[in-house]
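Written out below as structure tokens is the structure these notes cover.
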Amino acid sequence: MNVYPFIAAEKAAAHRVTTACALLEVSTSAYYQWSRHEPSLRARADAELGERIERIHRDSRGTYGAPRVHAQLRRAGTRRVARLVREHGLAGLRRRRFQRTTTPDPQAPATVDLLQRHFDAAALELNQAWCGDITYVRTWEGWLYLATVIDLASRRVVGWAMADHMRSTLVADALRMAVESRRPLPGLIFHADRGSQYTAHDFTALLAGHAIRQSLSRPRQCWDNAVAESWFATLKTELIYRRSWPTRAEARRAIFEFIEVFYNRQRSHSSLGYLSPAEYEARKEAQPETAQAA
């Protein structure tokens, strides 16, 4: 085999490198050192961490930003995670502005606000205080209305109902589901706004029948029911607004899956120390046993 053509080619390449280095005023030794350069330990660590960040972002259905990603990693400083999130072109979803669904009842009884915006999960016991509200989802068939019940101690959605109307039976069905699944003791507080569905006689009778104390927001004070409003903002930002819904049945299935599979069991919650509601409840229920063992 004639090796001279290869030798000649190598010499020509070396000559081009030498010429280029001379023009750029860079030594040939520096060029060859650069050409053999391997990523630094930090660069390799960034690449590995970036892959983990992308996986966490993907598993969150594209909803997590830097704070929740960082909470999942439990390693690497927040600034570093935020930088890598930006470098990988990832971002959490942002909420739209609040829109009112329920209509206040001017004839509502003078029920007081028992919570006074005390929504701190750590200060509440499970099944001590619930909140409820109604929202709507646009489908090609028409509106789908969703009523939910949330345990304020864990932010878990413990009851829900969906229908093509927003009569009082809708919120009653959501409450019945919550009562059947949680079996609360007498004295539980149920908080809602002053919408006519929550002040209707059949709903207040349902509350009384289960020894549940009713609490209503003050007139024109939507933030008195801020947890319920926040939950609906999460649902719409992370699910509803991301696609169109041809049928009510399709929207029902997606909302059910979002609540039971993702939100209650997987999605980390900032007010719960970045645990999911199910994880937070498990830890909260285990606390008395831990204290006794100590």
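Scheme for the structure tokens: letters A, B, ... for chains in order shown; per-chain residue numbers from 1; ligand numbers from 1 in order shown.
Contact shell of stretch 176-180 of chain A at 8 Å (only C-alpha atoms; same-chain neighbours under 4 positions omitted): A:Val149, A:Val158, A:Gly159, A:Trp160, A:Ala172, A:Pro184.
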Practice prompt. Extract, using only C-alpha atoms, all DNA, RNA and protein residues at most 12 Å from stretch 242-254 of chain A, discarding same-chain residues fewer than 4 positions from it, and format them as a ChimeraX atom specification.
Written response: /A:61-63,93-95,136-146,160-165,234-238,258-263
In Å and to one decimal, atom CA of A:Ala278 is distant from atom CA of A:Asp151 by 11.3 Å
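You will find atom CA of A:Trp231 at 17.9 Å from atom CA of A:Leu216.
Atom CA of A:Asn225 is positioned 17.7 Å from atom CA of A:His269.
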Please list as a ChimeraX atom specification every residue within 9 Å of stretch 120-134 of chain A, counting only C-alpha atoms and excluding residues in the same chain fewer than 5 positions away.
/A:101-102,115,145-155,158,166,170-171,174-175,182-185,187-193,195,198,215,225,227-229,232,271-272,281,284-285
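All residues of stretch 160-257 of chain A that DSSP, run on the backbone, classes as strand (DSSP E) are Trp160, Ala161, Met162, Ala163, Ile189, Phe190, His191, Ala192, Arg213, Gln214, Ser215 and Leu216 of chain A.
Considering the residues A:Leu114, A:Thr169, A:Pro186, A:Arg156 and counting only C-alpha atoms, A:Ser268 has its shortest atom-to-atom contact with A:Arg156.
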Enumerate as a PDB file with N, CA and C atoms, in the first residue's frame all residues of stretch 145-244 of chain A assigned to helix (DSSP H, G or I) by DSSP on the backbone, naming them with the chain letters and numbers the document uses.
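The result, stored in selection-v1.pdb:
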ATOM      1  N   SER A 168     -77.571  23.386  42.081  1.00  0.00           N
ATOM      2  CA  SER A 168     -77.081  23.017  43.405  1.00  0.00           C
ATOM      3  C   SER A 168     -76.803  21.523  43.525  1.00  0.00           C
ATOM      4  N   THR A 169     -77.456  20.710  42.691  1.00  0.00           N
ATOM      5  CA  THR A 169     -77.192  19.265  42.736  1.00  0.00           C
ATOM      6  C   THR A 169     -75.747  18.948  42.358  1.00  0.00           C
ATOM      7  N   LEU A 170     -75.133  19.813  41.552  1.00  0.00           N
ATOM      8  CA  LEU A 170     -73.738  19.594  41.156  1.00  0.00           C
ATOM      9  C   LEU A 170     -72.813  19.666  42.366  1.00  0.00           C
ATOM     10  N   VAL A 171     -72.945  20.720  43.179  1.00  0.00           N
ATOM     11  CA  VAL A 171     -72.066  20.854  44.342  1.00  0.00           C
ATOM     12  C   VAL A 171     -72.440  19.835  45.417  1.00  0.00           C
ATOM     13  N   ALA A 172     -73.710  19.453  45.472  1.00  0.00           N
ATOM     14  CA  ALA A 172     -74.134  18.434  46.437  1.00  0.00           C
ATOM     15  C   ALA A 172     -73.496  17.090  46.097  1.00  0.00           C
ATOM     16  N   ASP A 173     -73.441  16.751  44.812  1.00  0.00           N
ATOM     17  CA  ASP A 173     -72.820  15.482  44.405  1.00  0.00           C
ATOM     18  C   ASP A 173     -71.336  15.465  44.754  1.00  0.00           C
ATOM     19  N   ALA A 174     -70.644  16.597  44.570  1.00  0.00           N
ATOM     20  CA  ALA A 174     -69.220  16.668  44.924  1.00  0.00           C
ATOM     21  C   ALA A 174     -69.029  16.479  46.422  1.00  0.00           C
ATOM     22  N   LEU A 175     -69.911  17.087  47.217  1.00  0.00           N
ATOM     23  CA  LEU A 175     -69.797  16.940  48.673  1.00  0.00           C
ATOM     24  C   LEU A 175     -70.091  15.510  49.109  1.00  0.00           C
ATOM     25  N   ARG A 176     -71.091  14.884  48.513  1.00  0.00           N
ATOM     26  CA  ARG A 176     -71.408  13.485  48.867  1.00  0.00           C
ATOM     27  C   ARG A 176     -70.214  12.576  48.590  1.00  0.00           C
ATOM     28  N   MET A 177     -69.556  12.778  47.476  1.00  0.00           N
ATOM     29  CA  MET A 177     -68.381  11.970  47.169  1.00  0.00           C
ATOM     30  C   MET A 177     -67.309  12.152  48.229  1.00  0.00           C
ATOM     31  N   ALA A 178     -67.079  13.402  48.630  1.00  0.00           N
ATOM     32  CA  ALA A 178     -66.060  13.674  49.648  1.00  0.00           C
ATOM     33  C   ALA A 178     -66.411  13.025  50.973  1.00  0.00           C
ATOM     34  N   VAL A 179     -67.660  13.113  51.387  1.00  0.00           N
ATOM     35  CA  VAL A 179     -68.094  12.533  52.660  1.00  0.00           C
ATOM     36  C   VAL A 179     -67.961  11.013  52.626  1.00  0.00           C
ATOM     37  N   GLU A 180     -68.352  10.406  51.529  1.00  0.00           N
ATOM     38  CA  GLU A 180     -68.281   8.947  51.428  1.00  0.00           C
ATOM     39  C   GLU A 180     -66.845   8.445  51.434  1.00  0.00           C
ATOM     40  N   SER A 181     -65.928   9.207  50.819  1.00  0.00           N
ATOM     41  CA  SER A 181     -64.534   8.744  50.738  1.00  0.00           C
ATOM     42  C   SER A 181     -63.736   9.060  52.002  1.00  0.00           C
ATOM     43  N   ARG A 182     -64.114  10.119  52.741  1.00  0.00           N
ATOM     44  CA  ARG A 182     -63.306  10.564  53.882  1.00  0.00           C
ATOM     45  C   ARG A 182     -63.928  10.257  55.244  1.00  0.00           C
ATOM     46  N   SER A 196     -75.198  30.976  44.724  1.00  0.00           N
ATOM     47  CA  SER A 196     -76.529  30.460  45.049  1.00  0.00           C
ATOM     48  C   SER A 196     -76.546  28.947  45.218  1.00  0.00           C
ATOM     49  N   GLN A 197     -75.614  28.241  44.564  1.00  0.00           N
ATOM     50  CA  GLN A 197     -75.565  26.779  44.712  1.00  0.00           C
ATOM     51  C   GLN A 197     -75.232  26.380  46.146  1.00  0.00           C
ATOM     52  N   TYR A 198     -74.387  27.166  46.806  1.00  0.00           N
ATOM     53  CA  TYR A 198     -73.928  26.818  48.152  1.00  0.00           C
ATOM     54  C   TYR A 198     -74.858  27.334  49.248  1.00  0.00           C
ATOM     55  N   THR A 199     -75.777  28.206  48.882  1.00  0.00           N
ATOM     56  CA  THR A 199     -76.740  28.689  49.874  1.00  0.00           C
ATOM     57  C   THR A 199     -78.128  28.104  49.650  1.00  0.00           C
ATOM     58  N   HIS A 201     -81.278  25.561  49.712  1.00  0.00           N
ATOM     59  CA  HIS A 201     -81.789  24.813  50.859  1.00  0.00           C
ATOM     60  C   HIS A 201     -81.333  23.356  50.838  1.00  0.00           C
ATOM     61  N   ASP A 202     -81.352  22.713  49.663  1.00  0.00           N
ATOM     62  CA  ASP A 202     -80.980  21.295  49.628  1.00  0.00           C
ATOM     63  C   ASP A 202     -79.511  21.090  50.000  1.00  0.00           C
ATOM     64  N   PHE A 203     -78.653  22.070  49.630  1.00  0.00           N
ATOM     65  CA  PHE A 203     -77.244  21.920  49.982  1.00  0.00           C
ATOM     66  C   PHE A 203     -77.007  22.173  51.464  1.00  0.00           C
ATOM     67  N   THR A 204     -77.608  23.201  52.020  1.00  0.00           N
ATOM     68  CA  THR A 204     -77.429  23.468  53.453  1.00  0.00           C
ATOM     69  C   THR A 204     -78.019  22.338  54.292  1.00  0.00           C
ATOM     70  N   ALA A 205     -79.089  21.720  53.793  1.00  0.00           N
ATOM     71  CA  ALA A 205     -79.662  20.569  54.506  1.00  0.00           C
ATOM     72  C   ALA A 205     -78.701  19.387  54.467  1.00  0.00           C
ATOM     73  N   LEU A 206     -77.992  19.214  53.334  1.00  0.00           N
ATOM     74  CA  LEU A 206     -77.003  18.141  53.231  1.00  0.00           C
ATOM     75  C   LEU A 206     -75.873  18.360  54.233  1.00  0.00           C
ATOM     76  N   LEU A 207     -75.419  19.596  54.361  1.00  0.00           N
ATOM     77  CA  LEU A 207     -74.395  19.909  55.346  1.00  0.00           C
ATOM     78  C   LEU A 207     -74.870  19.577  56.758  1.00  0.00           C
ATOM     79  N   ALA A 208     -76.055  20.016  57.081  1.00  0.00           N
ATOM     80  CA  ALA A 208     -76.601  19.787  58.422  1.00  0.00           C
ATOM     81  C   ALA A 208     -76.760  18.303  58.696  1.00  0.00           C
ATOM     82  N   GLY A 209     -77.144  17.548  57.678  1.00  0.00           N
ATOM     83  CA  GLY A 209     -77.333  16.111  57.858  1.00  0.00           C
ATOM     84  C   GLY A 209     -76.061  15.367  58.199  1.00  0.00           C
ATOM     85  N   CYS A 222     -63.208  37.408  46.640  1.00  0.00           N
ATOM     86  CA  CYS A 222     -62.871  36.105  46.051  1.00  0.00           C
ATOM     87  C   CYS A 222     -61.698  35.451  46.760  1.00  0.00           C
ATOM     88  N   TRP A 223     -60.792  36.247  47.359  1.00  0.00           N
ATOM     89  CA  TRP A 223     -59.614  35.663  47.997  1.00  0.00           C
ATOM     90  C   TRP A 223     -59.947  35.012  49.330  1.00  0.00           C
ATOM     91  N   ASP A 224     -61.184  35.192  49.821  1.00  0.00           N
ATOM     92  CA  ASP A 224     -61.606  34.433  51.005  1.00  0.00           C
ATOM     93  C   ASP A 224     -61.698  32.955  50.705  1.00  0.00           C
ATOM     94  N   ASN A 225     -61.718  32.606  49.418  1.00  0.00           N
ATOM     95  CA  ASN A 225     -61.728  31.198  49.003  1.00  0.00           C
ATOM     96  C   ASN A 225     -60.551  30.947  48.067  1.00  0.00           C
ATOM     97  N   ALA A 226     -59.391  31.458  48.457  1.00  0.00           N
ATOM     98  CA  ALA A 226     -58.226  31.485  47.574  1.00  0.00           C
ATOM     99  C   ALA A 226     -57.723  30.097  47.189  1.00  0.00           C
ATOM    100  N   VAL A 227     -57.819  29.120  48.073  1.00  0.00           N
ATOM    101  CA  VAL A 227     -57.300  27.781  47.756  1.00  0.00           C
ATOM    102  C   VAL A 227     -58.103  27.154  46.623  1.00  0.00           C
ATOM    103  N   ALA A 228     -59.413  27.298  46.675  1.00  0.00           N
ATOM    104  CA  ALA A 228     -60.250  26.762  45.597  1.00  0.00           C
ATOM    105  C   ALA A 228     -59.953  27.472  44.283  1.00  0.00           C
ATOM    106  N   GLU A 229     -59.788  28.785  44.330  1.00  0.00           N
ATOM    107  CA  GLU A 229     -59.471  29.539  43.115  1.00  0.00           C
ATOM    108  C   GLU A 229     -58.108  29.108  42.558  1.00  0.00           C
ATOM    109  N   SER A 230     -57.148  28.912  43.443  1.00  0.00           N
ATOM    110  CA  SER A 230     -55.816  28.500  43.015  1.00  0.00           C
ATOM    111  C   SER A 230     -55.845  27.124  42.364  1.00  0.00           C
ATOM    112  N   TRP A 231     -56.637  26.213  42.919  1.00  0.00           N
ATOM    113  CA  TRP A 231     -56.745  24.865  42.350  1.00  0.00           C
ATOM    114  C   TRP A 231     -57.289  24.913  40.933  1.00  0.00           C
ATOM    115  N   PHE A 232     -58.342  25.707  40.710  1.00  0.00           N
ATOM    116  CA  PHE A 232     -58.904  25.795  39.367  1.00  0.00           C
ATOM    117  C   PHE A 232     -57.920  26.453  38.397  1.00  0.00           C
ATOM    118  N   ALA A 233     -57.151  27.419  38.867  1.00  0.00           N
ATOM    119  CA  ALA A 233     -56.138  28.037  38.014  1.00  0.00           C
ATOM    120  C   ALA A 233     -55.099  27.000  37.593  1.00  0.00           C
ATOM    121  N   THR A 234     -54.713  26.125  38.527  1.00  0.00           N
ATOM    122  CA  THR A 234     -53.767  25.049  38.200  1.00  0.00           C
ATOM    123  C   THR A 234     -54.354  24.100  37.174  1.00  0.00           C
ATOM    124  N   LEU A 235     -55.583  23.670  37.387  1.00  0.00           N
ATOM    125  CA  LEU A 235     -56.239  22.753  36.455  1.00  0.00           C
ATOM    126  C   LEU A 235     -56.301  23.338  35.053  1.00  0.00           C
ATOM    127  N   LYS A 236     -56.703  24.600  34.951  1.00  0.00           N
ATOM    128  CA  LYS A 236     -56.877  25.190  33.627  1.00  0.00           C
ATOM    129  C   LYS A 236     -55.536  25.461  32.946  1.00  0.00           C
ATOM    130  N   THR A 237     -54.552  25.913  33.719  1.00  0.00           N
ATOM    131  CA  THR A 237     -53.245  26.206  33.133  1.00  0.00           C
ATOM    132  C   THR A 237     -52.532  24.936  32.684  1.00  0.00           C
ATOM    133  N   GLU A 238     -52.601  23.895  33.499  1.00  0.00           N
ATOM    134  CA  GLU A 238     -51.811  22.690  33.234  1.00  0.00           C
ATOM    135  C   GLU A 238     -52.554  21.635  32.421  1.00  0.00           C
ATOM    136  N   ILE A 240     -56.517  22.262  30.902  1.00  0.00           N
ATOM    137  CA  ILE A 240     -57.623  22.697  30.047  1.00  0.00           C
ATOM    138  C   ILE A 240     -57.165  23.593  28.911  1.00  0.00           C
ATOM    139  N   TYR A 241     -56.320  24.592  29.208  1.00  0.00           N
ATOM    140  CA  TYR A 241     -55.936  25.564  28.183  1.00  0.00           C
ATOM    141  C   TYR A 241     -54.912  25.028  27.191  1.00  0.00           C
ATOM    142  N   ARG A 242     -54.424  23.843  27.377  1.00  0.00           N
ATOM    143  CA  ARG A 242     -53.356  23.330  26.524  1.00  0.00           C
ATOM    144  C   ARG A 242     -53.875  22.608  25.286  1.00  0.00           C
TER     145      ARG A 242
END
